[in-house]
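J.: Handing over input39.tsv, TSV, C-alpha atoms and all ligand atoms.
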chain	number	residue	atom	x	y	z
A	1	MET	CA	0.00	0.00	0.00
A	2	THR	CA	1.37	3.43	-0.90
A	3	GLY	CA	1.46	6.41	1.42
A	4	HIS	CA	1.33	4.27	4.57
A	5	THR	CA	3.36	5.83	7.38
A	6	PRO	CA	4.69	3.30	9.88
A	7	GLY	CA	2.88	3.56	13.21
A	8	GLN	CA	-0.28	4.83	11.56
A	9	ALA	CA	-3.25	2.77	10.49
A	10	PRO	CA	-3.25	2.35	6.70
A	11	ALA	CA	-5.95	4.42	5.05
A	12	THR	CA	-8.05	1.64	3.58
A	13	ALA	CA	-11.59	2.60	2.73
A	14	GLY	CA	-14.34	1.76	5.21
A	15	GLN	CA	-17.25	-0.57	4.58
A	16	VAL	CA	-20.62	0.64	3.29
A	17	TRP	CA	-23.88	-1.19	3.90
A	18	ALA	CA	-26.50	0.41	1.65
A	19	HIS	CA	-29.27	-2.21	1.78
A	20	VAL	CA	-30.33	-5.22	3.80
A	21	GLY	CA	-29.01	-7.63	1.16
A	22	GLN	CA	-25.54	-6.84	2.51
A	23	PRO	CA	-25.06	-8.81	5.74
A	24	PHE	CA	-24.11	-6.64	8.71
A	25	THR	CA	-22.44	-8.05	11.79
A	26	PRO	CA	-21.98	-5.73	14.76
A	27	ASP	CA	-18.31	-5.11	15.41
A	28	SER	CA	-16.52	-2.95	17.91
A	29	TRP	CA	-16.27	0.70	17.07
A	30	ASP	CA	-14.58	3.47	19.06
A	31	VAL	CA	-17.18	6.03	17.99
A	32	LEU	CA	-20.75	5.73	16.76
A	33	VAL	CA	-22.03	8.73	14.83
A	34	LEU	CA	-25.80	8.79	14.37
A	35	GLY	CA	-27.14	10.84	11.45
A	36	ALA	CA	-25.32	11.58	8.19
A	37	GLY	CA	-26.40	15.16	7.54
A	38	ARG	CA	-23.66	17.72	7.20
A	39	MET	CA	-22.92	17.67	10.94
A	40	GLY	CA	-22.60	13.89	11.22
A	41	THR	CA	-20.56	13.43	8.03
A	42	ALA	CA	-18.22	16.28	9.01
A	43	VAL	CA	-17.54	15.03	12.54
A	44	THR	CA	-16.88	11.55	11.13
A	45	LEU	CA	-14.37	12.88	8.63
A	46	PHE	CA	-12.61	15.05	11.22
A	47	LEU	CA	-12.39	12.11	13.62
A	48	ARG	CA	-10.72	10.06	10.88
A	49	ASP	CA	-8.23	12.94	10.41
A	50	LEU	CA	-7.46	13.43	14.10
A	51	ARG	CA	-7.61	9.84	15.36
A	52	PRO	CA	-6.87	7.51	12.44
A	53	GLU	CA	-6.54	4.57	14.84
A	54	TRP	CA	-10.17	4.92	15.98
A	55	ARG	CA	-12.83	2.94	14.19
A	56	VAL	CA	-15.94	5.01	13.42
A	57	LEU	CA	-19.39	3.85	12.32
A	58	LEU	CA	-21.74	6.42	10.75
A	59	VAL	CA	-25.43	5.46	10.72
A	60	GLU	CA	-28.16	7.08	8.60
A	61	GLU	CA	-31.88	6.46	8.33
A	62	GLY	CA	-32.02	7.38	4.65
A	63	GLY	CA	-29.41	7.80	1.94
A	64	LEU	CA	-26.49	10.18	1.65
A	65	PRO	CA	-27.64	12.90	1.78
A	66	ASN	CA	-31.16	12.21	2.99
A	67	GLU	CA	-33.84	13.98	0.93
A	68	ASP	CA	-35.76	14.90	4.11
A	69	GLY	CA	-32.96	16.32	6.23
A	70	ALA	CA	-32.34	19.97	6.98
A	71	THR	CA	-29.01	19.76	5.18
A	72	ILE	CA	-30.35	19.27	1.68
A	73	LEU	CA	-32.77	22.22	2.01
A	74	ALA	CA	-30.45	24.56	3.88
A	75	PRO	CA	-29.82	27.84	2.06
A	76	GLY	CA	-26.04	27.37	1.98
A	77	LEU	CA	-25.25	30.98	2.78
A	78	TRP	CA	-21.94	31.62	4.49
A	79	THR	CA	-21.71	35.15	5.89
A	80	LEU	CA	-20.11	37.00	8.77
A	81	ALA	CA	-23.03	39.45	8.88
A	82	GLY	CA	-24.59	39.30	12.34
A	83	LEU	CA	-22.03	36.85	13.69
A	84	PRO	CA	-20.30	37.68	17.00
A	85	GLU	CA	-16.76	38.98	16.40
A	86	ALA	CA	-15.31	36.24	18.61
A	87	ARG	CA	-16.42	33.59	16.10
A	88	HIS	CA	-15.06	35.28	12.96
A	89	ALA	CA	-11.73	33.41	12.88
A	90	GLU	CA	-13.59	30.13	13.07
A	91	ALA	CA	-16.03	31.14	10.34
A	92	GLN	CA	-13.08	32.09	8.12
A	93	TRP	CA	-11.61	28.64	8.74
A	94	GLU	CA	-14.92	27.15	7.69
A	95	ARG	CA	-14.96	29.12	4.49
A	96	ALA	CA	-11.41	28.01	3.67
A	97	GLN	CA	-12.50	24.39	4.22
A	98	LEU	CA	-15.57	24.83	2.00
A	99	GLU	CA	-13.54	26.27	-0.84
A	100	GLY	CA	-10.49	24.07	-0.34
A	101	ARG	CA	-11.09	20.59	0.92
A	102	PHE	CA	-14.70	20.39	-0.27
A	103	GLY	CA	-13.99	21.87	-3.69
A	104	GLY	CA	-16.39	24.78	-3.19
A	105	ALA	CA	-19.38	22.45	-2.51
A	106	GLY	CA	-21.07	23.77	-5.65
A	107	GLY	CA	-20.66	27.35	-4.48
A	108	GLN	CA	-19.36	30.79	-5.33
A	109	ALA	CA	-18.38	34.06	-3.69
A	110	ARG	CA	-20.99	36.85	-3.80
A	111	THR	CA	-21.71	40.09	-2.03
A	112	LEU	CA	-24.48	40.39	0.52
A	113	LEU	CA	-26.35	43.69	0.60
A	114	SER	CA	-28.06	44.45	3.86
A	115	LEU	CA	-30.72	47.02	2.95
A	116	GLY	CA	-32.18	49.40	5.50
A	117	GLN	CA	-31.89	52.89	6.92
A	118	ASP	CA	-28.13	52.99	7.42
A	119	GLY	CA	-25.19	51.44	5.60
A	120	GLU	CA	-22.33	53.02	3.71
A	121	GLU	CA	-23.85	52.96	0.21
A	122	ASP	CA	-26.90	54.27	-1.58
A	123	THR	CA	-29.28	51.38	-2.31
A	124	GLY	CA	-30.46	52.78	-5.66
A	125	ALA	CA	-26.92	53.31	-6.94
A	126	ARG	CA	-25.84	49.91	-5.75
A	127	LEU	CA	-28.78	48.11	-7.34
A	128	ALA	CA	-28.28	49.94	-10.63
A	129	ARG	CA	-25.35	47.53	-11.14
A	130	HIS	CA	-27.81	44.63	-10.97
A	131	PRO	CA	-30.63	45.34	-13.44
A	132	GLU	CA	-32.09	41.87	-12.73
A	133	LEU	CA	-33.12	43.18	-9.30
A	134	ALA	CA	-34.90	46.28	-10.64
A	135	GLY	CA	-38.43	45.13	-9.82
A	136	VAL	CA	-37.48	43.21	-6.72
A	137	VAL	CA	-36.50	46.04	-4.37
A	138	ASP	CA	-37.99	49.50	-3.90
A	139	PRO	CA	-35.01	51.57	-2.72
A	140	ALA	CA	-37.36	54.16	-1.17
A	141	GLY	CA	-38.19	51.65	1.57
A	142	ALA	CA	-34.55	50.83	2.34
A	143	PRO	CA	-32.37	53.69	1.07
A	144	ARG	CA	-29.00	52.56	2.49
A	145	ALA	CA	-27.00	49.41	1.81
A	146	ALA	CA	-24.33	47.78	3.95
A	147	VAL	CA	-22.02	45.55	1.91
A	148	HIS	CA	-20.70	42.22	3.22
A	149	GLU	CA	-18.91	39.33	1.59
A	150	ALA	CA	-20.76	36.06	1.30
A	151	PHE	CA	-20.27	32.58	-0.09
A	152	THR	CA	-23.21	30.56	-1.38
A	153	TYR	CA	-22.99	26.78	-1.72
A	154	ARG	CA	-24.97	23.54	-1.59
A	155	PRO	CA	-24.97	21.93	1.86
A	156	GLY	CA	-26.21	18.66	0.31
A	157	ALA	CA	-23.08	18.58	-1.85
A	158	LEU	CA	-21.00	19.29	1.24
A	159	ALA	CA	-22.54	16.37	3.18
A	160	LEU	CA	-22.02	14.05	0.23
A	161	ALA	CA	-18.39	15.12	-0.16
A	162	ALA	CA	-17.71	14.83	3.57
A	163	GLY	CA	-19.40	11.42	3.79
A	164	GLN	CA	-17.51	10.04	0.80
A	165	ALA	CA	-14.21	11.42	2.07
A	166	ALA	CA	-14.86	9.88	5.50
A	167	VAL	CA	-15.48	6.45	3.95
A	168	ARG	CA	-12.39	6.76	1.75
A	169	ALA	CA	-10.46	7.60	4.91
A	170	GLY	CA	-11.71	4.45	6.63
A	171	ALA	CA	-15.04	5.22	8.32
A	172	ASP	CA	-17.80	2.59	8.04
A	173	LEU	CA	-21.22	3.71	6.81
A	174	LEU	CA	-24.55	2.02	7.49
A	175	LEU	CA	-27.39	3.47	5.40
A	176	ASN	CA	-31.17	2.93	5.53
A	177	THR	CA	-30.89	2.26	9.24
A	178	ARG	CA	-32.86	3.99	11.99
A	179	ALA	CA	-30.99	4.54	15.22
A	180	SER	CA	-32.31	5.02	18.74
A	181	LEU	CA	-30.24	5.55	21.85
A	182	ILE	CA	-29.76	2.96	24.54
A	183	PRO	CA	-27.40	3.31	27.49
A	184	GLY	CA	-23.86	2.95	26.16
A	185	GLY	CA	-24.78	2.72	22.51
A	186	ALA	CA	-27.56	2.52	19.96
A	187	CYS	CA	-30.25	0.21	18.74
A	188	LEU	CA	-30.09	-0.02	14.93
A	189	GLU	CA	-33.05	-1.01	12.80
A	190	ARG	CA	-32.13	-1.84	9.22
A	191	LEU	CA	-35.02	-0.72	7.04
A	192	THR	CA	-36.30	-2.09	3.79
A	193	VAL	CA	-39.20	-1.33	1.47
A	194	THR	CA	-41.86	-3.94	0.78
A	195	ASN	CA	-43.41	-4.40	-2.67
A	196	THR	CA	-46.36	-2.33	-1.40
A	197	HIS	CA	-43.96	0.55	-0.64
A	198	GLN	CA	-44.10	0.22	3.12
A	199	ILE	CA	-40.94	0.84	5.10
A	200	VAL	CA	-40.41	-2.04	7.52
A	201	THR	CA	-37.67	-3.15	9.87
A	202	HIS	CA	-35.68	-6.03	8.41
A	203	GLU	CA	-33.44	-6.71	11.41
A	204	THR	CA	-32.36	-5.04	14.65
A	205	HIS	CA	-28.91	-4.84	16.22
A	206	GLU	CA	-27.55	-3.33	19.40
A	207	VAL	CA	-24.16	-1.72	19.13
A	208	ARG	CA	-22.18	-0.25	22.02
A	209	ALA	CA	-19.29	2.20	21.89
A	210	PRO	CA	-17.40	4.34	24.39
A	211	ARG	CA	-18.37	7.48	22.45
A	212	VAL	CA	-21.66	8.21	20.73
A	213	VAL	CA	-22.29	11.35	18.67
A	214	VAL	CA	-25.96	12.22	18.15
A	215	ALA	CA	-26.12	14.21	14.89
A	216	LEU	CA	-29.78	13.56	14.09
A	217	GLY	CA	-30.58	17.19	13.27
A	218	ALA	CA	-33.90	18.41	14.67
A	219	ALA	CA	-34.60	14.89	15.95
A	220	GLY	CA	-31.46	14.83	18.13
A	221	PRO	CA	-32.73	16.41	21.37
A	222	HIS	CA	-35.85	14.24	21.41
A	223	ALA	CA	-33.80	11.10	20.71
A	224	THR	CA	-31.61	11.75	23.76
A	225	GLU	CA	-34.61	12.58	25.93
A	226	HIS	CA	-36.52	9.52	24.79
A	227	GLY	CA	-33.65	7.03	24.78
A	228	LEU	CA	-31.64	8.18	27.77
A	229	GLY	CA	-34.12	10.14	29.84
A	230	VAL	CA	-31.97	13.28	29.89
A	231	HIS	CA	-33.73	16.59	29.72
A	232	THR	CA	-32.42	19.23	27.30
A	233	ARG	CA	-33.45	22.82	26.62
A	234	HIS	CA	-33.09	22.42	22.86
A	235	ALA	CA	-36.01	22.69	20.49
A	236	ARG	CA	-36.88	22.64	16.82
A	237	ALA	CA	-38.70	24.79	14.32
A	238	TYR	CA	-40.13	24.23	10.85
A	239	ARG	CA	-38.73	26.71	8.35
A	240	GLN	CA	-40.09	27.14	4.86
A	241	THR	CA	-37.99	28.58	2.07
A	242	PRO	CA	-40.37	29.68	-0.69
A	243	ARG	CA	-39.14	30.44	-4.18
A	244	LEU	CA	-39.34	33.76	-5.97
A	245	ASN	CA	-39.09	33.44	-9.74
A	246	VAL	CA	-37.06	36.45	-10.73
A	247	PRO	CA	-34.00	35.88	-12.92
A	248	THR	CA	-30.62	35.79	-11.16
A	249	SER	CA	-27.09	34.86	-12.12
A	250	ASP	CA	-23.79	33.92	-10.49
A	251	THR	CA	-23.08	37.59	-9.84
A	252	THR	CA	-26.45	38.56	-8.32
A	253	PRO	CA	-25.90	39.63	-4.69
A	254	VAL	CA	-27.64	38.09	-1.73
A	255	LEU	CA	-30.13	40.59	-0.30
A	256	HIS	CA	-31.08	41.05	3.29
A	257	ALA	CA	-34.13	43.32	3.66
A	258	ALA	CA	-37.13	43.66	5.97
A	259	GLY	CA	-36.00	40.63	7.97
A	260	LEU	CA	-35.87	38.34	4.91
A	261	THR	CA	-32.82	36.98	3.15
A	262	LEU	CA	-33.03	36.53	-0.62
A	263	ARG	CA	-30.51	34.01	-1.83
A	264	PRO	CA	-29.96	33.72	-5.59
A	265	GLN	CA	-30.28	30.04	-6.48
A	266	SER	CA	-30.72	28.02	-9.69
A	267	GLY	CA	-31.63	31.04	-11.78
A	268	GLY	CA	-34.20	32.34	-9.27
A	269	VAL	CA	-34.32	33.33	-5.62
A	270	THR	CA	-34.82	31.33	-2.44
A	271	ILE	CA	-36.48	33.35	0.31
A	272	ILE	CA	-35.16	32.64	3.80
A	273	PRO	CA	-37.54	33.95	6.45
A	274	PRO	CA	-36.36	34.47	10.02
A	275	VAL	CA	-37.04	31.78	12.62
A	276	HIS	CA	-39.20	33.48	15.25
A	277	HIS	CA	-39.70	30.89	17.92
A	278	ARG	CA	-39.53	27.20	18.70
A	279	ASP	CA	-42.46	25.22	17.36
A	280	PRO	CA	-44.46	23.75	20.21
A	281	HIS	CA	-44.25	20.05	20.89
A	282	GLY	CA	-46.69	18.24	18.60
A	283	TYR	CA	-46.92	21.07	16.07
A	284	ALA	CA	-47.56	19.68	12.60
A	285	PRO	CA	-46.71	22.11	9.80
A	286	GLN	CA	-49.72	23.30	7.84
A	287	GLY	CA	-50.40	25.91	5.19
A	288	GLY	CA	-52.33	29.15	5.61
A	289	HIS	CA	-54.82	31.30	3.71
A	290	LEU	CA	-54.21	34.41	1.66
A	291	THR	CA	-57.43	36.40	1.04
A	292	GLY	CA	-59.39	33.19	1.43
A	293	VAL	CA	-57.24	31.11	-0.94
A	294	PRO	CA	-55.28	28.21	0.53
A	295	THR	CA	-51.52	28.53	0.30
A	296	GLY	CA	-48.66	26.22	1.13
A	297	LEU	CA	-47.11	28.95	3.25
A	298	ARG	CA	-47.67	28.70	6.96
A	299	ARG	CA	-49.16	31.74	8.66
A	300	GLU	CA	-45.91	32.97	10.21
A	301	THR	CA	-44.19	32.85	6.82
A	302	LEU	CA	-47.07	34.71	5.14
A	303	GLU	CA	-46.94	37.42	7.79
A	304	ASP	CA	-43.21	37.86	7.25
A	305	LEU	CA	-43.70	38.23	3.51
A	306	VAL	CA	-46.63	40.62	3.85
A	307	SER	CA	-44.71	42.89	6.21
A	308	ALA	CA	-41.83	43.04	3.69
A	309	LEU	CA	-44.00	44.04	0.70
A	310	GLU	CA	-43.11	47.72	0.77
A	311	VAL	CA	-39.40	47.07	0.48
A	312	LEU	CA	-39.71	43.99	-1.73
A	313	PRO	CA	-42.64	44.65	-4.09
A	314	ALA	CA	-41.84	41.50	-6.12
A	315	LEU	CA	-43.37	39.51	-3.25
A	316	ALA	CA	-46.81	40.83	-4.27
A	317	THR	CA	-46.50	39.43	-7.81
A	318	ASP	CA	-47.06	35.94	-9.11
A	319	ALA	CA	-43.28	35.50	-9.16
A	320	LEU	CA	-43.78	34.27	-5.59
A	321	GLU	CA	-44.59	30.58	-5.42
A	322	THR	CA	-47.09	30.31	-2.59
A	323	GLY	CA	-48.30	26.81	-3.52
A	324	ARG	CA	-51.66	25.37	-2.58
A	325	SER	CA	-50.49	22.95	0.05
A	326	LEU	CA	-47.52	22.44	2.29
A	327	ALA	CA	-46.00	19.92	-0.12
A	328	ASP	CA	-45.61	22.70	-2.73
A	329	VAL	CA	-43.26	24.81	-0.62
A	330	PRO	CA	-39.82	23.52	0.40
A	331	GLY	CA	-39.38	23.38	4.16
A	332	ALA	CA	-37.46	21.45	6.78
A	333	TRP	CA	-37.22	20.96	10.51
A	334	LEU	CA	-34.28	22.75	12.07
A	335	ALA	CA	-32.73	22.12	15.43
A	336	LEU	CA	-32.73	25.23	17.64
A	337	PRO	CA	-29.75	25.01	19.98
A	338	HIS	CA	-30.94	26.07	23.48
A	339	GLY	CA	-34.37	26.65	21.96
A	340	ASP	CA	-33.03	29.96	20.64
A	341	PRO	CA	-33.95	30.92	17.04
A	342	ALA	CA	-30.60	32.74	16.82
A	343	GLY	CA	-28.72	29.86	18.49
A	344	LEU	CA	-25.32	29.06	17.00
A	345	PRO	CA	-24.33	25.46	16.20
A	346	TRP	CA	-23.55	23.64	19.43
A	347	HIS	CA	-22.25	20.41	20.92
A	348	GLY	CA	-22.31	19.11	24.45
A	349	GLU	CA	-22.06	15.90	26.45
A	350	VAL	CA	-25.62	15.10	27.50
A	351	ALA	CA	-24.89	11.77	29.20
A	352	PRO	CA	-21.55	10.04	29.89
A	353	GLY	CA	-19.95	9.43	26.50
A	354	VAL	CA	-22.99	10.75	24.58
A	355	HIS	CA	-22.42	13.97	22.66
A	356	LEU	CA	-25.25	15.91	21.08
A	357	LEU	CA	-24.25	17.86	17.95
A	358	LEU	CA	-26.69	20.49	16.64
A	359	GLY	CA	-26.41	22.56	13.47
A	360	GLY	CA	-29.54	24.68	13.21
A	361	PRO	CA	-30.16	27.99	11.45
A	362	GLN	CA	-26.50	29.14	11.47
A	363	ALA	CA	-24.95	25.88	10.32
A	364	ASP	CA	-24.10	27.37	6.92
A	365	THR	CA	-21.42	29.50	8.57
A	366	LEU	CA	-20.35	27.56	11.68
A	367	GLY	CA	-21.54	23.97	11.10
A	368	LEU	CA	-18.26	22.46	9.90
A	369	SER	CA	-16.26	24.26	12.55
A	370	THR	CA	-18.59	23.08	15.31
A	371	ALA	CA	-18.22	19.52	14.05
A	372	TYR	CA	-14.47	20.08	14.18
A	373	ARG	CA	-14.73	21.39	17.74
A	374	LEU	CA	-16.40	18.18	18.84
A	375	ALA	CA	-13.93	15.97	16.94
A	376	ALA	CA	-11.02	17.87	18.51
A	377	GLN	CA	-12.49	17.51	21.99
A	378	LEU	CA	-13.04	13.77	21.57
A	379	ALA	CA	-9.57	13.33	20.10
A	380	GLY	CA	-7.93	15.46	22.80
A	381	VAL	CA	-6.47	17.89	20.28
A	382	ALA	CA	-6.18	21.69	20.66
A	383	LEU	CA	-8.46	23.98	18.64
A	384	PRO	CA	-6.95	26.00	15.78
A	385	GLU	CA	-5.35	29.30	16.80
A	386	GLY	CA	-7.68	32.26	17.20
A	387	TRP	CA	-10.81	30.23	17.95
A	388	ALA	CA	-12.86	31.23	20.98
A	389	ALA	CA	-12.52	28.67	23.78
B	401	LIG	P1	-27.75	18.60	10.46
B	401	LIG	O1	-27.73	19.94	9.80
B	401	LIG	O2	-27.67	18.67	11.94
B	401	LIG	O3	-26.78	17.63	9.88
B	401	LIG	P2	-29.94	17.14	9.14
B	401	LIG	O4	-31.39	17.11	9.46
B	401	LIG	O5	-29.54	17.51	7.78
B	401	LIG	O6	-29.25	18.05	10.24
B	401	LIG	O7	-29.27	15.73	9.40
B	401	LIG	C1	-29.75	14.80	10.30
B	401	LIG	C2	-29.67	13.43	9.64
B	401	LIG	O8	-30.05	12.46	10.61
B	401	LIG	C3	-30.63	13.29	8.48
B	401	LIG	O9	-29.92	12.82	7.36
B	401	LIG	C4	-31.66	12.29	8.96
B	401	LIG	O10	-32.10	11.43	7.94
B	401	LIG	C5	-30.89	11.52	9.99
B	401	LIG	N1	-31.74	10.93	11.03
B	401	LIG	C6	-32.75	11.52	11.71
B	401	LIG	N2	-33.29	10.68	12.60
B	401	LIG	C7	-32.61	9.51	12.47
B	401	LIG	C8	-32.65	8.23	13.14
B	401	LIG	N3	-33.51	7.99	14.12
B	401	LIG	N4	-31.75	7.29	12.76
B	401	LIG	C9	-30.85	7.52	11.80
B	401	LIG	N5	-30.76	8.69	11.15
B	401	LIG	C10	-31.61	9.67	11.47
Reformat the file's structure so that it appears as structure tokens.
Ligand code: ADP
T.:
Amino acid sequence: MTGHTPGQAPATAGQVWAHVGQPFTPDSWDVLVLGAGRMGTAVTLFLRDLRPEWRVLLVEEGGLPNEDGATILAPGLWTLAGLPEARHAEAQWERAQLEGRFGGAGGQARTLLSLGQDGEEDTGARLARHPELAGVVDPAGAPRAAVHEAFTYRPGALALAAGQAAVRAGADLLLNTRASLIPGGACLERLTVTNTHQIVTHETHEVRAPRVVVALGAAGPHATEHGLGVHTRHARAYRQTPRLNVPTSDTTPVLHAAGLTLRPQSGGVTIIPPVHHRDPHGYAPQGGHLTGVPTGLRRETLEDLVSALEVLPALATDALETGRSLADVPGAWLALPHGDPAGLPWHGEVAPGVHLLLGGPQADTLGLSTAYRLAAQLAGVALPEGWAA
């Protein structure tokens, strides 16, 4: 084998079990990582980097990446705007990783214009450089623009790249398997689809490991509460990201106006509304009504759009895809670290050896670095220079 340094485990690729036809025998792993969204794939990869002698098993209910996870629907907007100064060095590290190791994750550098009452530039003059935005913004409502740098990318591409790199580096990957926590490990149900399209459990295994990372996204806090009986203050919220069909290109800036973020994407715009509050336990997302007509937008989202109409008149046109039912509007459950809509990605040991890893609304800027923080802590390695303790 080439490139094998004596004293280090050779970097042979890990094993992948994609379907129940591939026999799986529980083995001994040093770390179990549950959930292969961007947080779980990243921590797995970083653990392979920092502790090549540790065996890691990554478990995922769906495929890589899962179509239902928050990762695949996340806006993929890296920006320092609004981020505490103390976390800037770390965010810059994350950006360098995105553009370096992950080959850009389908992304590109852009500017972000924060439109409002102050800011160093004149909104009208600034937007004159982007004729495609002419009908989108009314500069009278937000005359000043603050200019920030941004990087837009595809978090689904990031998770795929991180997961594949982790397997190439030796991590094992068990797909189509639902995990639940048990003391000291996890119960793994390998799922299969019957010829009547029902998802059923094919077989169940119990696997124990000295370290368990719970990276189940919005389902993580509940899984630890349910499986281990530990109480957490974390929560989740359902965020919709409706589409606005106005033409955009690779050079169109990201706009932040009236509380909304408009992210140019696939030749149009994805609208990212703010997260206002945790969704109560048992809340099931449902659409709302606009002048009596059913829409796929939930009431909170509609209210956000309506209150932004003066600044963003395009929202009152049929360029906005409101849909007729929830299924028409993209949306995903997000974890809210500490139940806080502005909560930054977080990790913590919630039971001995069990580490909860949450991405949430700011994972586009600090998700990878938070996964690295956890990997470094588990591996007993110092954080990169300049990072807040
Ligand atoms: P994050 O941004 O934290 O990575 P995601 O929601 O994208 O959040 O990722 C969480 C992943 O965990 C998803 O791919 C989801 O399919 C997976 N997942 C959720 N619950 C389970 C479970 N019980 N067992 C295995 N995987 C799960």
J.: Can you tell me which residues come within 9 Å of ligand LIG 401 (chain B) when counting all atoms listed in the file, ideally as a compact mmCIF listing (two decimals) with C-alpha atoms, keeping the file's coordinate frame?
T.:
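The file below, out05.txt, is the result:
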# COMPACT_ATOMS: atom_id res chain seq x y z
CA LEU A 34 -25.80 8.79 14.37
CA GLY A 35 -27.14 10.84 11.45
CA ALA A 36 -25.32 11.58 8.19
CA GLY A 37 -26.40 15.16 7.54
CA ARG A 38 -23.66 17.72 7.20
CA MET A 39 -22.92 17.67 10.94
CA GLY A 40 -22.60 13.89 11.22
CA THR A 41 -20.56 13.43 8.03
CA ALA A 42 -18.22 16.28 9.01
CA VAL A 59 -25.43 5.46 10.72
CA GLU A 60 -28.16 7.08 8.60
CA GLU A 61 -31.88 6.46 8.33
CA GLY A 62 -32.02 7.38 4.65
CA GLY A 63 -29.41 7.80 1.94
CA LEU A 64 -26.49 10.18 1.65
CA PRO A 65 -27.64 12.90 1.78
CA ASN A 66 -31.16 12.21 2.99
CA GLU A 67 -33.84 13.98 0.93
CA ASP A 68 -35.76 14.90 4.11
CA GLY A 69 -32.96 16.32 6.23
CA ALA A 70 -32.34 19.97 6.98
CA THR A 71 -29.01 19.76 5.18
CA ILE A 72 -30.35 19.27 1.68
CA LEU A 73 -32.77 22.22 2.01
CA ALA A 74 -30.45 24.56 3.88
CA PRO A 155 -24.97 21.93 1.86
CA GLY A 156 -26.21 18.66 0.31
CA ALA A 159 -22.54 16.37 3.18
CA LEU A 175 -27.39 3.47 5.40
CA ASN A 176 -31.17 2.93 5.53
CA THR A 177 -30.89 2.26 9.24
CA ARG A 178 -32.86 3.99 11.99
CA ALA A 179 -30.99 4.54 15.22
CA SER A 180 -32.31 5.02 18.74
CA LEU A 181 -30.24 5.55 21.85
CA LEU A 188 -30.09 -0.02 14.93
CA GLU A 189 -33.05 -1.01 12.80
CA VAL A 214 -25.96 12.22 18.15
CA ALA A 215 -26.12 14.21 14.89
CA LEU A 216 -29.78 13.56 14.09
CA GLY A 217 -30.58 17.19 13.27
CA ALA A 218 -33.90 18.41 14.67
CA ALA A 219 -34.60 14.89 15.95
CA GLY A 220 -31.46 14.83 18.13
CA ALA A 223 -33.80 11.10 20.71
CA ALA A 332 -37.46 21.45 6.78
CA TRP A 333 -37.22 20.96 10.51
CA LEU A 334 -34.28 22.75 12.07
CA ALA A 335 -32.73 22.12 15.43
CA PRO A 345 -24.33 25.46 16.20
CA LEU A 357 -24.25 17.86 17.95
CA LEU A 358 -26.69 20.49 16.64
CA GLY A 359 -26.41 22.56 13.47
CA GLY A 360 -29.54 24.68 13.21
CA PRO A 361 -30.16 27.99 11.45
CA ALA A 363 -24.95 25.88 10.32
CA ASP A 364 -24.10 27.37 6.92
CA GLY A 367 -21.54 23.97 11.10
J.: Would you please work out which residue, of A:Thr295, A:Pro23, A:Leu45, A:Leu368, is nearest to Ala169 (chain A) when using only C-alpha atoms?
T.: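 The closest residue to Ala169 (chain A) is A:Leu45.
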J.: With distances taken over all atoms listed in the file, which residue among A:Leu344, A:Ala18, A:Ala96, A:Leu260 lies nearest Glu303 (chain A)?
T.: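 The answer is A:Leu260, which sits nearest to Glu303 (chain A).
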J.: What does the distance between CA of Val275 (chain A) and CA of Pro337 (chain A) come to in Å, to one decimal place?
T.: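 Value for the CA of Val275 (chain A)-CA of Pro337 (chain A) distance: 12.4 Å.
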J.: Have a look at A:Val43, A:Val33, A:Leu191, A:Ala89 and name the one nearest to Ala209 (chain A); count all atoms listed in the file.
T.: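 Going through A:Val43, A:Val33, A:Leu191, A:Ala89 one by one, the smallest distance to Ala209 (chain A) is for A:Val33.
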J.: Any idea what's packed within 6 Å of Val136 (chain A), counting only C-alpha atoms, ignoring anything in its chain fewer than 3 positions away? Could you give it as a list in words?
T.: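 That gives Leu133, Leu312, Pro313 and Ala314 of chain A.
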J.: Show me, as JSON lines, the residues of region 150-237 of chain A having an atom within 12 Å of region 105-129 of chain A, each with the closest atom pair and its distance in Å, using all atoms listed in the file.
T.:
{"residue": "A:Ala150", "atom": "CA", "partner": "A:Arg110", "partner_atom": "CA", "distance": 5.2}
{"residue": "A:Phe151", "atom": "CA", "partner": "A:Ala109", "partner_atom": "CA", "distance": 4.3}
{"residue": "A:Thr152", "atom": "CA", "partner": "A:Gly107", "partner_atom": "CA", "distance": 5.1}
{"residue": "A:Tyr153", "atom": "CA", "partner": "A:Gly107", "partner_atom": "CA", "distance": 3.7}
{"residue": "A:Arg154", "atom": "CA", "partner": "A:Gly106", "partner_atom": "CA", "distance": 5.6}
{"residue": "A:Pro155", "atom": "CA", "partner": "A:Ala105", "partner_atom": "CA", "distance": 7.1}
{"residue": "A:Gly156", "atom": "CA", "partner": "A:Ala105", "partner_atom": "CA", "distance": 8.3}
{"residue": "A:Ala157", "atom": "CA", "partner": "A:Ala105", "partner_atom": "CA", "distance": 5.4}
{"residue": "A:Leu158", "atom": "CA", "partner": "A:Ala105", "partner_atom": "CA", "distance": 5.2}
{"residue": "A:Ala159", "atom": "CA", "partner": "A:Ala105", "partner_atom": "CA", "distance": 8.9}
{"residue": "A:Leu160", "atom": "CA", "partner": "A:Ala105", "partner_atom": "CA", "distance": 9.2}
{"residue": "A:Ala161", "atom": "CA", "partner": "A:Ala105", "partner_atom": "CA", "distance": 7.8}
{"residue": "A:Ala162", "atom": "CA", "partner": "A:Ala105", "partner_atom": "CA", "distance": 9.9}
J.: Which residues come within 10 Å of region 320-327 of chain A, counting only C-alpha atoms, excluding same-chain residues fewer than 6 positions away, as a ChimeraX atom specification?
T.: /A:240,242-246,269-271,285-290,293-298,302,305,314
